[in-house]
Amino acid sequence: MARKRSITRGLRFRLTASYALFFAVLLVGMAGLLRARLETLLDNQVRTVLDQEWGAMKGYLRIEKDGPFWYYDSQDPDEAYIVERLRRVYLLADADGKPIQRSTIYQNIGIDSPSDIRERVRLALNSYAPGAAGKTFWMERRTPQGTPYLIRAGIVFDEHHQAPYYVAIGSTLSDNYKIMGEFNWVFWGLIPAALILGSGLGWFMAGRALEPVLAVAQAAQRISGSNLSLRIPTRQANDELDYLILTFNRMIDRLEASFQQIKQFSADVSHELRTPITAIRGQLEVALFTAKTTEQYRDAMVNALQDIDRLSQIVRALLLLSQAESGQLALQKSRVDLSETVRDLVEQFQIPAEAEGVRLRAEVPIAFPAELDRVQIERMITNLLSNAVKFTPEGGEVRVTLQSHSDGAEIIVEDTGRGIPKEYLPHIFDRFYRVPGSGTAPGPDQGLGLGLSFVAWIVKAHHGTIDVESAPGKGTRFTIRLPLEKNEASTGELAAQAIMKEL
Ligand code: ADP
């Protein structure tokens with residue numbers, strides 16, 4: 001069972017948390033921006049209204065010698081209303097700061113101090129220029145009850161345009177505050193709700209997205225050495241997870257194949273070892289229970305020894321092969337004349353070939369220098385040659401050709417022997433594989449089925465390739481291509497152009 005992990009360390013939690021955080025920052029940022037925008041918009045609106053009212057006020061208010069007068073048609077309800085509105089928040093003071101007229105509301109929000117008024121009048125006069133907008137002062141004030149007002153103040157002149165007067169009009173900001181308050185409520189209430197909802201949704205979505213990952217993990221847990229045939233079904237969504245599943249399945253394919261190979265190998269090894277051991281046991285039992293004469297004992301011992309020889313041959317070969325395949329057997333490369341090597345080996349095989357009634361010949365250039373592991377290359381050619389001679393009937397022919405190839409050397413070992421049926425070709429490089437019905441009866445003469453495994457390893461270790469073509473009853477041809485370094489290949493090519501020598 002999987003250990004229970006802390007929820008806060010899970011991918012689902014982290015996904016949801018980062019999603020919620022992002023969402024929160026986005027919402028708060030947007031709300032802040034919107035709030036600031038709304039605030040300036042509302043503020044501007046009030047200022048525009050006040051600017052208009054200021055203009056209207058100048059039209060109605062006349063400051064004469066006897067005092068200020070509001071000129072309007074009191075019979076006209078619209079005009080009366082406008083003037084009444086203008087005077088709701090209103091202060092008129094002389095340039096010294098002495099209030100002349102003021103509304104109750106203005107009284108409530110606090111009349112500007114005479115020093116402030118004097119200062120403002122001075123500032124306004126300084127910047128006063130005909131044709132330019134007069135200097136205006138903006139203030140925010142509150143009544144003791146807390147009602148907010150925006151005040152616009154500035155100077156106006158008397159009817160003779162001589163003495164400046166200080167005028168302030170205002171408008172309530174409570175509507176704006178109310179709107180902003182509502183906005184705040186809606187937003188600060190809505191944001192947590194949206195966050196909770198969004199996080200819930202994020203948690204759900206992350207859970208759904210991670211579900212297949214959990215399924216993959218669970219399926220992977222079920223797969224063990226004994227049930228490697230299990231595969232995780234893809235969801236047919238063609239997405240990253242399907243790709244992960246496919247990759248995982250492919251990895252299991254490869255693992256299964258290697259497991260199968262190992263299983264097969266140990267089964268083969270035990271089988272191969274059992275045969276000579278059973279034979280030895282048989283020989284010794286016969287000697288023990290039935291042999292009477294020294295001659296009979298000797299025969300049994302000789303047979304037992306032959307089987308022991310085969311046994312140690314198998315063990316030696318296996319050891320070497322496993323060393324080779326696990327990379328412990330490093331190549332000992334040196335400069336070799338491949339032509340000479342092939343010629344020597346073919347010469348060595350002449351006697352056994354003649355004994356079998358097989359014609360053996362080589363087609364090699366005069367010289368073919370190359371950087372190779374001599375011992376392994378000899379082992380490779382020996383294995384191929386011995387097979388070719390072994391599986392070619394009397395009157396047949398075996399030919400070894402060495403020539404240069406685009407990227408190195410090409411060695412061809414071909415025979416006119418019995419060939420290998422197509423269905424067995426893919427297996428001939430497997431360990432212990434012998435083509436069924438090879439003819440050779442089990443016993444000391446039978447091959448170990450390891451020769452071609454060695455050949456395959458040696459070719460691979462030299463980064464080469466091996467191809468086999470075979471026609472049953474007609475013959476077999478093994479083509480090996482070994483890549484060589486540039487200068488070696490070119491010398492090989494030069495040499496290959498020299499006269500071919502037939503042995
Ligand atoms: P063995 O030691 O039995 O020869 P190999 O691994 O060298 O094992 O070869 C595997 C099998 O491939 C042989 O048993 C034989 O049946 C087949 N084989 C190899 N070379 C030839 C060939 N030149 N002609 C026909 N069959 C061959």
# chains A, B, ... in the order shown; residues from 1 in each chain; ligands from 1

call {"tool": "residues_around", "arguments": {"residues": "Arg141 in chain A", "least_positions_apart": "2", "cutoff": "12 Å", "atoms": "only C-alpha atoms", "output": "ChimeraX atom specification"}}
result
/A:89,105-112,138-139,143-152,169-174

call {"tool": "write_last_selection", "arguments": {"atoms": "N, CA, C and O atoms", "output": "mmCIF file, in the first residue's frame"}}
result
data_model
loop_
_atom_site.group_PDB
_atom_site.id
_atom_site.type_symbol
_atom_site.label_atom_id
_atom_site.label_comp_id
_atom_site.auth_asym_id
_atom_site.auth_seq_id
_atom_site.Cartn_x
_atom_site.Cartn_y
_atom_site.Cartn_z
ATOM 1 N N VAL A 89 -25.092 75.317 -0.778
ATOM 2 C CA VAL A 89 -23.764 75.246 -0.148
ATOM 3 C C VAL A 89 -23.008 76.440 -0.717
ATOM 4 O O VAL A 89 -22.473 76.385 -1.823
ATOM 5 N N ILE A 105 -25.696 75.043 5.407
ATOM 6 C CA ILE A 105 -24.828 73.866 5.240
ATOM 7 C C ILE A 105 -23.372 74.295 5.308
ATOM 8 O O ILE A 105 -22.559 73.660 5.975
ATOM 9 N N TYR A 106 -23.077 75.452 4.635
ATOM 10 C CA TYR A 106 -21.681 75.910 4.641
ATOM 11 C C TYR A 106 -21.243 76.234 6.061
ATOM 12 O O TYR A 106 -20.134 75.961 6.470
ATOM 13 N N GLN A 107 -22.172 76.743 6.780
ATOM 14 C CA GLN A 107 -21.894 77.045 8.187
ATOM 15 C C GLN A 107 -21.522 75.761 8.925
ATOM 16 O O GLN A 107 -20.587 75.716 9.718
ATOM 17 N N ASN A 108 -22.283 74.711 8.579
ATOM 18 C CA ASN A 108 -22.060 73.412 9.221
ATOM 19 C C ASN A 108 -20.717 72.791 8.874
ATOM 20 O O ASN A 108 -20.070 72.171 9.723
ATOM 21 N N ILE A 109 -20.344 72.909 7.604
ATOM 22 C CA ILE A 109 -19.090 72.243 7.207
ATOM 23 C C ILE A 109 -17.880 73.068 7.631
ATOM 24 O O ILE A 109 -16.755 72.629 7.510
ATOM 25 N N GLY A 110 -18.143 74.261 8.106
ATOM 26 C CA GLY A 110 -17.028 75.066 8.635
ATOM 27 C C GLY A 110 -16.596 76.118 7.632
ATOM 28 O O GLY A 110 -16.206 75.775 6.513
ATOM 29 N N ILE A 111 -16.680 77.345 8.051
ATOM 30 C CA ILE A 111 -16.324 78.444 7.152
ATOM 31 C C ILE A 111 -14.813 78.549 7.068
ATOM 32 O O ILE A 111 -14.104 78.341 8.065
ATOM 33 N N ASP A 112 -14.337 78.870 5.866
ATOM 34 C CA ASP A 112 -12.902 78.987 5.659
ATOM 35 C C ASP A 112 -12.364 80.111 6.542
ATOM 36 O O ASP A 112 -13.019 81.151 6.690
ATOM 37 N N TRP A 138 -10.143 73.537 -4.778
ATOM 38 C CA TRP A 138 -11.046 72.401 -4.515
ATOM 39 C C TRP A 138 -10.781 71.878 -3.115
ATOM 40 O O TRP A 138 -9.636 71.682 -2.725
ATOM 41 N N MET A 139 -11.847 71.654 -2.375
ATOM 42 C CA MET A 139 -11.688 71.119 -1.010
ATOM 43 C C MET A 139 -12.786 70.120 -0.739
ATOM 44 O O MET A 139 -13.854 70.187 -1.333
ATOM 45 N N THR A 143 -19.821 67.636 7.185
ATOM 46 C CA THR A 143 -20.627 68.229 8.269
ATOM 47 C C THR A 143 -20.330 67.430 9.535
ATOM 48 O O THR A 143 -19.799 66.323 9.441
ATOM 49 N N PRO A 144 -20.654 67.964 10.701
ATOM 50 C CA PRO A 144 -20.420 67.174 11.920
ATOM 51 C C PRO A 144 -21.133 65.822 11.858
ATOM 52 O O PRO A 144 -20.684 64.853 12.467
ATOM 53 N N GLN A 145 -22.211 65.723 11.062
ATOM 54 C CA GLN A 145 -22.920 64.430 10.946
ATOM 55 C C GLN A 145 -22.179 63.489 9.977
ATOM 56 O O GLN A 145 -22.552 62.329 9.829
ATOM 57 N N GLY A 146 -21.196 64.033 9.296
ATOM 58 C CA GLY A 146 -20.377 63.163 8.430
ATOM 59 C C GLY A 146 -20.731 63.252 6.966
ATOM 60 O O GLY A 146 -20.172 62.523 6.155
ATOM 61 N N THR A 147 -21.673 64.116 6.566
ATOM 62 C CA THR A 147 -22.002 64.194 5.131
ATOM 63 C C THR A 147 -20.855 64.903 4.397
ATOM 64 O O THR A 147 -20.475 66.001 4.778
ATOM 65 N N PRO A 148 -20.344 64.283 3.361
ATOM 66 C CA PRO A 148 -19.193 64.865 2.667
ATOM 67 C C PRO A 148 -19.618 65.846 1.577
ATOM 68 O O PRO A 148 -20.648 65.663 0.933
ATOM 69 N N TYR A 149 -18.828 66.889 1.401
ATOM 70 C CA TYR A 149 -19.111 67.891 0.351
ATOM 71 C C TYR A 149 -17.835 68.197 -0.398
ATOM 72 O O TYR A 149 -16.734 68.193 0.182
ATOM 73 N N LEU A 150 -18.002 68.483 -1.698
ATOM 74 C CA LEU A 150 -16.865 68.951 -2.481
ATOM 75 C C LEU A 150 -17.086 70.439 -2.697
ATOM 76 O O LEU A 150 -18.178 70.860 -3.088
ATOM 77 N N ILE A 151 -16.078 71.244 -2.409
ATOM 78 C CA ILE A 151 -16.217 72.708 -2.497
ATOM 79 C C ILE A 151 -15.349 73.228 -3.619
ATOM 80 O O ILE A 151 -14.198 72.794 -3.778
ATOM 81 N N ARG A 152 -15.935 74.134 -4.396
ATOM 82 C CA ARG A 152 -15.152 74.803 -5.428
ATOM 83 C C ARG A 152 -15.124 76.282 -5.042
ATOM 84 O O ARG A 152 -16.174 76.914 -4.872
ATOM 85 N N ILE A 169 -18.746 77.456 -3.648
ATOM 86 C CA ILE A 169 -20.006 76.691 -3.751
ATOM 87 C C ILE A 169 -19.650 75.212 -3.632
ATOM 88 O O ILE A 169 -18.501 74.822 -3.864
ATOM 89 N N GLY A 170 -20.634 74.453 -3.269
ATOM 90 C CA GLY A 170 -20.299 73.029 -3.067
ATOM 91 C C GLY A 170 -21.416 72.105 -3.467
ATOM 92 O O GLY A 170 -22.538 72.528 -3.760
ATOM 93 N N SER A 171 -21.093 70.876 -3.499
ATOM 94 C CA SER A 171 -22.084 69.859 -3.855
ATOM 95 C C SER A 171 -21.803 68.634 -3.002
ATOM 96 O O SER A 171 -20.649 68.339 -2.674
ATOM 97 N N THR A 172 -22.867 67.950 -2.660
ATOM 98 C CA THR A 172 -22.677 66.792 -1.767
ATOM 99 C C THR A 172 -21.991 65.638 -2.508
ATOM 100 O O THR A 172 -22.187 65.424 -3.707
ATOM 101 N N LEU A 173 -21.191 64.914 -1.738
ATOM 102 C CA LEU A 173 -20.516 63.751 -2.313
ATOM 103 C C LEU A 173 -21.159 62.466 -1.813
ATOM 104 O O LEU A 173 -20.648 61.384 -2.082
ATOM 105 N N SER A 174 -22.285 62.602 -1.067
ATOM 106 C CA SER A 174 -22.822 61.368 -0.453
ATOM 107 C C SER A 174 -23.236 60.337 -1.476
ATOM 108 O O SER A 174 -23.051 59.141 -1.241
#

call {"tool": "residues_near_ligand", "arguments": {"ligand": "ligand 1", "cutoff": "8 Å", "atoms": "only C-alpha atoms and all ligand atoms", "output": "short mmCIF file (atom, residue, chain, number, x, y, z; two decimals) with N, CA, C and O atoms, in the first residue's frame"}}
result
data_model
loop_
_atom_site.label_atom_id
_atom_site.label_comp_id
_atom_site.auth_asym_id
_atom_site.auth_seq_id
_atom_site.Cartn_x
_atom_site.Cartn_y
_atom_site.Cartn_z
N ASN A 383 34.08 -19.24 -36.62
CA ASN A 383 32.72 -19.75 -36.37
C ASN A 383 31.94 -19.87 -37.67
O ASN A 383 31.25 -20.86 -37.91
N LEU A 384 32.03 -18.83 -38.51
CA LEU A 384 31.27 -18.84 -39.77
C LEU A 384 31.79 -19.94 -40.70
O LEU A 384 31.01 -20.66 -41.33
N LEU A 385 33.14 -20.04 -40.74
CA LEU A 385 33.74 -21.05 -41.63
C LEU A 385 33.40 -22.46 -41.18
O LEU A 385 33.05 -23.32 -41.99
N SER A 386 33.46 -22.69 -39.86
CA SER A 386 33.20 -24.06 -39.39
C SER A 386 31.76 -24.44 -39.65
O SER A 386 31.47 -25.56 -40.06
N ASN A 387 30.83 -23.48 -39.47
CA ASN A 387 29.43 -23.76 -39.79
C ASN A 387 29.29 -24.08 -41.27
O ASN A 387 28.62 -25.05 -41.66
N ALA A 388 29.92 -23.24 -42.12
CA ALA A 388 29.78 -23.40 -43.57
C ALA A 388 30.29 -24.77 -44.00
O ALA A 388 29.62 -25.48 -44.76
N VAL A 389 31.44 -25.15 -43.46
CA VAL A 389 32.01 -26.46 -43.84
C VAL A 389 31.11 -27.58 -43.31
O VAL A 389 30.81 -28.54 -44.00
N LYS A 390 30.65 -27.38 -42.04
CA LYS A 390 29.84 -28.42 -41.38
C LYS A 390 28.52 -28.67 -42.13
O LYS A 390 28.09 -29.81 -42.26
N PHE A 391 27.91 -27.57 -42.60
CA PHE A 391 26.57 -27.73 -43.19
C PHE A 391 26.58 -27.80 -44.72
O PHE A 391 25.56 -27.60 -45.36
N THR A 392 27.79 -28.03 -45.29
CA THR A 392 27.85 -28.16 -46.75
C THR A 392 28.19 -29.62 -47.09
O THR A 392 29.19 -30.16 -46.58
N GLU A 414 30.15 -17.55 -47.81
CA GLU A 414 28.99 -18.20 -48.45
C GLU A 414 29.29 -19.65 -48.75
O GLU A 414 30.44 -20.03 -48.96
N ASP A 415 28.21 -20.44 -48.74
CA ASP A 415 28.39 -21.87 -49.04
C ASP A 415 27.27 -22.36 -49.93
O ASP A 415 26.27 -21.65 -50.13
N GLY A 417 25.71 -25.08 -49.21
CA GLY A 417 25.21 -26.13 -48.32
C GLY A 417 23.69 -26.22 -48.29
O GLY A 417 23.00 -25.73 -49.19
N ARG A 418 23.19 -26.78 -47.21
CA ARG A 418 21.76 -27.10 -47.20
C ARG A 418 20.87 -25.88 -46.90
O ARG A 418 19.66 -25.94 -47.05
N GLY A 419 21.46 -24.79 -46.46
CA GLY A 419 20.66 -23.57 -46.24
C GLY A 419 19.82 -23.64 -44.96
O GLY A 419 19.79 -24.66 -44.28
N ILE A 420 19.19 -22.55 -44.67
CA ILE A 420 18.36 -22.46 -43.46
C ILE A 420 16.95 -22.02 -43.87
O ILE A 420 16.79 -20.99 -44.53
N LEU A 425 15.43 -18.38 -39.69
CA LEU A 425 16.48 -17.36 -39.82
C LEU A 425 16.52 -16.35 -38.66
O LEU A 425 17.60 -16.02 -38.17
N ILE A 428 18.66 -17.70 -35.52
CA ILE A 428 19.97 -18.38 -35.53
C ILE A 428 21.03 -17.68 -34.70
O ILE A 428 22.00 -18.30 -34.32
N PHE A 429 20.81 -16.38 -34.38
CA PHE A 429 21.81 -15.68 -33.55
C PHE A 429 21.50 -15.81 -32.07
O PHE A 429 22.25 -15.32 -31.23
N ASP A 430 20.38 -16.48 -31.73
CA ASP A 430 20.03 -16.66 -30.31
C ASP A 430 20.94 -17.71 -29.69
O ASP A 430 21.38 -18.64 -30.36
N ARG A 431 21.13 -17.54 -28.37
CA ARG A 431 21.99 -18.51 -27.68
C ARG A 431 21.33 -19.89 -27.66
O ARG A 431 20.13 -20.00 -27.44
N PHE A 432 22.12 -20.90 -27.88
CA PHE A 432 21.70 -22.31 -27.87
C PHE A 432 20.74 -22.68 -29.00
O PHE A 432 20.15 -23.74 -28.98
N TYR A 433 20.57 -21.76 -29.95
CA TYR A 433 19.60 -22.10 -30.99
C TYR A 433 20.26 -22.94 -32.07
O TYR A 433 21.31 -22.60 -32.61
N ARG A 434 19.62 -24.03 -32.37
CA ARG A 434 20.05 -24.87 -33.49
C ARG A 434 18.83 -25.12 -34.34
O ARG A 434 17.75 -25.37 -33.82
N VAL A 435 19.02 -25.01 -35.63
CA VAL A 435 17.87 -25.19 -36.52
C VAL A 435 17.35 -26.62 -36.35
O VAL A 435 18.15 -27.56 -36.38
N PRO A 436 16.04 -26.77 -36.10
CA PRO A 436 15.52 -28.13 -35.88
C PRO A 436 15.84 -29.01 -37.09
O PRO A 436 15.83 -28.55 -38.23
N GLY A 437 16.15 -30.26 -36.80
CA GLY A 437 16.46 -31.21 -37.87
C GLY A 437 17.80 -30.91 -38.52
O GLY A 437 18.00 -31.18 -39.69
N SER A 438 18.71 -30.30 -37.72
CA SER A 438 20.05 -29.98 -38.23
C SER A 438 20.81 -31.25 -38.62
O SER A 438 21.81 -31.17 -39.30
N GLN A 446 27.70 -32.45 -31.79
CA GLN A 446 26.69 -31.41 -32.00
C GLN A 446 27.20 -30.04 -31.56
O GLN A 446 27.87 -29.93 -30.53
N GLY A 447 26.87 -29.04 -32.38
CA GLY A 447 27.30 -27.68 -32.02
C GLY A 447 26.61 -27.23 -30.74
O GLY A 447 25.62 -27.82 -30.31
N LEU A 448 27.15 -26.19 -30.13
CA LEU A 448 26.56 -25.70 -28.88
C LEU A 448 25.41 -24.74 -29.15
O LEU A 448 24.65 -24.39 -28.26
N GLY A 449 25.35 -24.28 -30.38
CA GLY A 449 24.33 -23.27 -30.69
C GLY A 449 24.73 -21.91 -30.16
O GLY A 449 23.91 -21.02 -29.97
N LEU A 450 26.04 -21.74 -29.90
CA LEU A 450 26.50 -20.46 -29.36
C LEU A 450 27.38 -19.71 -30.35
O LEU A 450 27.65 -18.51 -30.17
N GLY A 451 27.81 -20.43 -31.39
CA GLY A 451 28.76 -19.84 -32.35
C GLY A 451 28.26 -18.53 -32.93
O GLY A 451 28.97 -17.51 -32.91
N LEU A 452 27.04 -18.51 -33.44
CA LEU A 452 26.52 -17.30 -34.08
C LEU A 452 26.23 -16.19 -33.07
O LEU A 452 26.26 -15.01 -33.42
N SER A 453 25.96 -16.59 -31.80
CA SER A 453 25.77 -15.55 -30.77
C SER A 453 27.07 -14.78 -30.61
O SER A 453 27.06 -13.55 -30.47
N PHE A 454 28.19 -15.53 -30.63
CA PHE A 454 29.50 -14.87 -30.55
C PHE A 454 29.72 -13.95 -31.74
O PHE A 454 30.16 -12.81 -31.60
N SER A 470 19.61 -16.96 -47.13
CA SER A 470 19.75 -18.40 -47.24
C SER A 470 18.61 -18.98 -48.07
O SER A 470 17.48 -18.52 -47.99
N GLY A 475 22.10 -22.91 -50.41
CA GLY A 475 23.25 -22.36 -49.70
C GLY A 475 22.92 -21.17 -48.82
O GLY A 475 21.77 -20.70 -48.78
N THR A 476 23.93 -20.72 -48.11
CA THR A 476 23.76 -19.62 -47.16
C THR A 476 24.88 -18.61 -47.39
O THR A 476 25.99 -18.97 -47.74
N ARG A 477 24.52 -17.34 -47.19
CA ARG A 477 25.55 -16.30 -47.33
C ARG A 477 25.44 -15.33 -46.15
O ARG A 477 24.39 -14.74 -45.90
N PHE A 478 26.55 -15.21 -45.39
CA PHE A 478 26.62 -14.23 -44.29
C PHE A 478 27.44 -13.05 -44.79
O PHE A 478 28.54 -13.23 -45.29
#

call {"tool": "closest_residue", "arguments": {"among": "A:Leu197, A:Glu64, A:Asp94, A:Leu255", "to": "His160 in chain A", "atoms": "only C-alpha atoms"}}
result
A:Glu64

call {"tool": "closest_residue", "arguments": {"among": "A:Leu345, A:Arg274, A:Gln313, A:Val216", "to": "Leu246 in chain A", "atoms": "only C-alpha atoms"}}
result
A:Val216

call {"tool": "residues_around", "arguments": {"residues": "Gly198 in chain A", "least_positions_apart": "4", "cutoff": "9 Å", "atoms": "only C-alpha atoms", "output": "PyMOL selection string"}}
result
chain A and resi 19-20+23+193-194+202-203

call {"tool": "write_last_selection", "arguments": {"atoms": "N, CA and C atoms", "output": "JSON list (two decimals), in the first residue's frame"}}
result
[["chain", "number", "residue", "atom", "x", "y", "z"],
["A", 19, "TYR", "N", -3.54, 28.01, -8.49],
["A", 19, "TYR", "CA", -4.67, 28.51, -9.26],
["A", 19, "TYR", "C", -5.44, 29.55, -8.45],
["A", 20, "ALA", "N", -5.69, 29.23, -7.17],
["A", 20, "ALA", "CA", -6.44, 30.14, -6.30],
["A", 20, "ALA", "C", -5.67, 31.44, -6.08],
["A", 23, "PHE", "N", -5.83, 33.49, -9.15],
["A", 23, "PHE", "CA", -7.19, 33.98, -9.27],
["A", 23, "PHE", "C", -7.41, 35.16, -8.32],
["A", 193, "ALA", "N", -16.21, 34.98, -2.26],
["A", 193, "ALA", "CA", -17.14, 33.96, -2.76],
["A", 193, "ALA", "C", -16.59, 33.37, -4.05],
["A", 194, "ALA", "N", -16.12, 34.27, -4.97],
["A", 194, "ALA", "CA", -15.58, 33.79, -6.24],
["A", 194, "ALA", "C", -14.34, 32.94, -6.00],
["A", 202, "GLY", "N", -11.17, 24.51, -9.10],
["A", 202, "GLY", "CA", -9.77, 24.15, -9.37],
["A", 202, "GLY", "C", -9.44, 22.80, -8.77],
["A", 203, "TRP", "N", -9.92, 22.58, -7.54],
["A", 203, "TRP", "CA", -9.67, 21.31, -6.85],
["A", 203, "TRP", "C", -10.28, 20.16, -7.64]]

call {"tool": "residues_around", "arguments": {"residues": "range 335-339 of chain A", "least_positions_apart": "5", "cutoff": "10 Å", "atoms": "only C-alpha atoms", "output": "PyMOL selection string"}}
result
chain A and resi 344+362-374+377-378+401-403+409+411+488+492+495-496+501

call {"tool": "residues_around", "arguments": {"residues": "Val28 in chain A", "least_positions_apart": "3", "cutoff": "12 Å", "atoms": "only C-alpha atoms", "output": "CSV table (one decimal) with N, CA, C and O atoms, in the first residue's frame"}}
result
chain,number,residue,atom,x,y,z
A,20,ALA,N,-5.7,29.2,-7.2
A,20,ALA,CA,-6.4,30.1,-6.3
A,20,ALA,C,-5.7,31.4,-6.1
A,20,ALA,O,-6.2,32.5,-6.1
A,21,LEU,N,-4.4,31.3,-5.9
A,21,LEU,CA,-3.5,32.5,-5.7
A,21,LEU,C,-3.6,33.4,-6.9
A,21,LEU,O,-3.8,34.6,-6.8
A,22,PHE,N,-3.4,32.8,-8.1
A,22,PHE,CA,-3.4,33.5,-9.3
A,22,PHE,C,-4.8,34.2,-9.4
A,22,PHE,O,-4.9,35.4,-9.8
A,23,PHE,N,-5.8,33.5,-9.2
A,23,PHE,CA,-7.2,34.0,-9.3
A,23,PHE,C,-7.4,35.2,-8.3
A,23,PHE,O,-8.0,36.2,-8.7
A,24,ALA,N,-6.9,35.0,-7.1
A,24,ALA,CA,-7.1,36.1,-6.1
A,24,ALA,C,-6.3,37.3,-6.5
A,24,ALA,O,-6.9,38.4,-6.4
A,25,VAL,N,-5.1,37.2,-7.0
A,25,VAL,CA,-4.3,38.4,-7.4
A,25,VAL,C,-5.0,39.0,-8.5
A,25,VAL,O,-5.2,40.3,-8.6
A,31,ALA,N,-10.3,44.5,-9.3
A,31,ALA,CA,-11.2,45.2,-8.5
A,31,ALA,C,-10.6,46.6,-8.1
A,31,ALA,O,-11.3,47.6,-8.1
A,32,GLY,N,-9.3,46.6,-7.7
A,32,GLY,CA,-8.6,47.8,-7.4
A,32,GLY,C,-8.6,48.8,-8.5
A,32,GLY,O,-8.9,50.0,-8.3
A,33,LEU,N,-8.3,48.3,-9.7
A,33,LEU,CA,-8.3,49.1,-10.9
A,33,LEU,C,-9.7,49.8,-11.2
A,33,LEU,O,-9.8,51.0,-11.4
A,34,LEU,N,-10.7,48.9,-11.1
A,34,LEU,CA,-12.0,49.3,-11.4
A,34,LEU,C,-12.5,50.4,-10.4
A,34,LEU,O,-13.1,51.4,-10.7
A,35,ARG,N,-12.1,50.2,-9.1
A,35,ARG,CA,-12.5,51.1,-8.0
A,35,ARG,C,-11.9,52.4,-8.3
A,35,ARG,O,-12.6,53.5,-8.2
A,184,ASN,N,-17.8,48.6,-3.0
A,184,ASN,CA,-16.9,47.9,-2.0
A,184,ASN,C,-17.5,46.6,-1.5
A,184,ASN,O,-16.9,45.6,-1.5
A,187,PHE,N,-17.9,44.1,-4.2
A,187,PHE,CA,-16.6,43.4,-4.6
A,187,PHE,C,-15.9,42.6,-3.5
A,187,PHE,O,-15.6,41.5,-3.7
A,188,TRP,N,-15.8,43.3,-2.3
A,188,TRP,CA,-15.1,42.5,-1.2
A,188,TRP,C,-16.0,41.3,-0.7
A,188,TRP,O,-15.4,40.4,-0.2
A,189,GLY,N,-17.3,41.4,-1.0
A,189,GLY,CA,-18.1,40.2,-0.7
A,189,GLY,C,-18.0,39.2,-1.8
A,189,GLY,O,-17.9,38.0,-1.5
A,190,LEU,N,-17.9,39.7,-3.0
A,190,LEU,CA,-17.9,38.8,-4.2
A,190,LEU,C,-16.6,38.1,-4.3
A,190,LEU,O,-16.6,36.9,-4.7
A,191,ILE,N,-15.5,38.8,-4.1
A,191,ILE,CA,-14.2,38.2,-4.3
A,191,ILE,C,-14.0,36.9,-3.5
A,191,ILE,O,-13.6,35.9,-4.0
A,192,PRO,N,-14.2,37.0,-2.1
A,192,PRO,CA,-14.1,35.7,-1.4
A,192,PRO,C,-15.0,34.6,-1.9
A,192,PRO,O,-14.5,33.4,-2.0
A,194,ALA,N,-16.1,34.3,-5.0
A,194,ALA,CA,-15.6,33.8,-6.2
A,194,ALA,C,-14.3,32.9,-6.0
A,194,ALA,O,-14.1,31.9,-6.7
A,195,LEU,N,-13.6,33.3,-5.0
A,195,LEU,CA,-12.3,32.6,-4.7
A,195,LEU,C,-12.7,31.2,-4.2
A,195,LEU,O,-12.0,30.2,-4.6

call {"tool": "select_by_dssp", "arguments": {"residues": "range 1-221 of chain A", "states": "helix (DSSP H, G or I)", "output": "ChimeraX atom specification"}}
result
/A:7-9,11-60,77-86,104-109,114-126,174-221

call {"tool": "residues_around", "arguments": {"residues": "Val315 in chain A", "least_positions_apart": "4", "cutoff": "12 Å", "atoms": "only C-alpha atoms", "output": "ChimeraX atom specification"}}
result
/A:269-270,272-273,276,308-311,319-322,448,450

call {"tool": "residues_around", "arguments": {"residues": "Trp70 in chain A", "least_positions_apart": "2", "cutoff": "7 Å", "atoms": "only C-alpha atoms", "output": "mmCIF file with N, CA, C and O atoms, in the first residue's frame"}}
result
data_model
loop_
_atom_site.group_PDB
_atom_site.id
_atom_site.type_symbol
_atom_site.label_atom_id
_atom_site.label_comp_id
_atom_site.auth_asym_id
_atom_site.auth_seq_id
_atom_site.Cartn_x
_atom_site.Cartn_y
_atom_site.Cartn_z
ATOM 1 N N TYR A 60 -25.950 84.993 -12.063
ATOM 2 C CA TYR A 60 -27.035 85.441 -11.191
ATOM 3 C C TYR A 60 -26.559 86.408 -10.106
ATOM 4 O O TYR A 60 -27.323 87.210 -9.605
ATOM 5 N N LEU A 61 -25.303 86.306 -9.691
ATOM 6 C CA LEU A 61 -24.829 87.076 -8.537
ATOM 7 C C LEU A 61 -24.184 88.389 -8.983
ATOM 8 O O LEU A 61 -23.292 88.410 -9.806
ATOM 9 N N ARG A 62 -24.752 89.493 -8.420
ATOM 10 C CA ARG A 62 -24.145 90.818 -8.710
ATOM 11 C C ARG A 62 -23.704 91.393 -7.367
ATOM 12 O O ARG A 62 -24.481 91.399 -6.398
ATOM 13 N N PRO A 68 -24.334 92.158 -1.993
ATOM 14 C CA PRO A 68 -24.551 91.192 -3.081
ATOM 15 C C PRO A 68 -26.034 90.975 -3.349
ATOM 16 O O PRO A 68 -26.851 90.979 -2.417
ATOM 17 N N TYR A 72 -32.667 87.173 -10.461
ATOM 18 C CA TYR A 72 -33.333 86.103 -11.218
ATOM 19 C C TYR A 72 -34.820 86.332 -11.139
ATOM 20 O O TYR A 72 -35.302 87.074 -10.283
#

call {"tool": "closest_residue", "arguments": {"among": "A:Lys333, A:Arg122, A:Arg102, A:His405", "to": "Ala461 in chain A", "atoms": "only C-alpha atoms"}}
result
A:Lys333

call {"tool": "select_by_dssp", "arguments": {"residues": "range 235-359 of chain A", "states": "strand (DSSP E)", "output": "number ranges by chain"}}
result
A: 333-337, 359

call {"tool": "atom_distance", "arguments": {"atom1": "CA of Val398 in chain A", "atom2": "CA of Arg359 in chain A"}}
result
6.2 Å
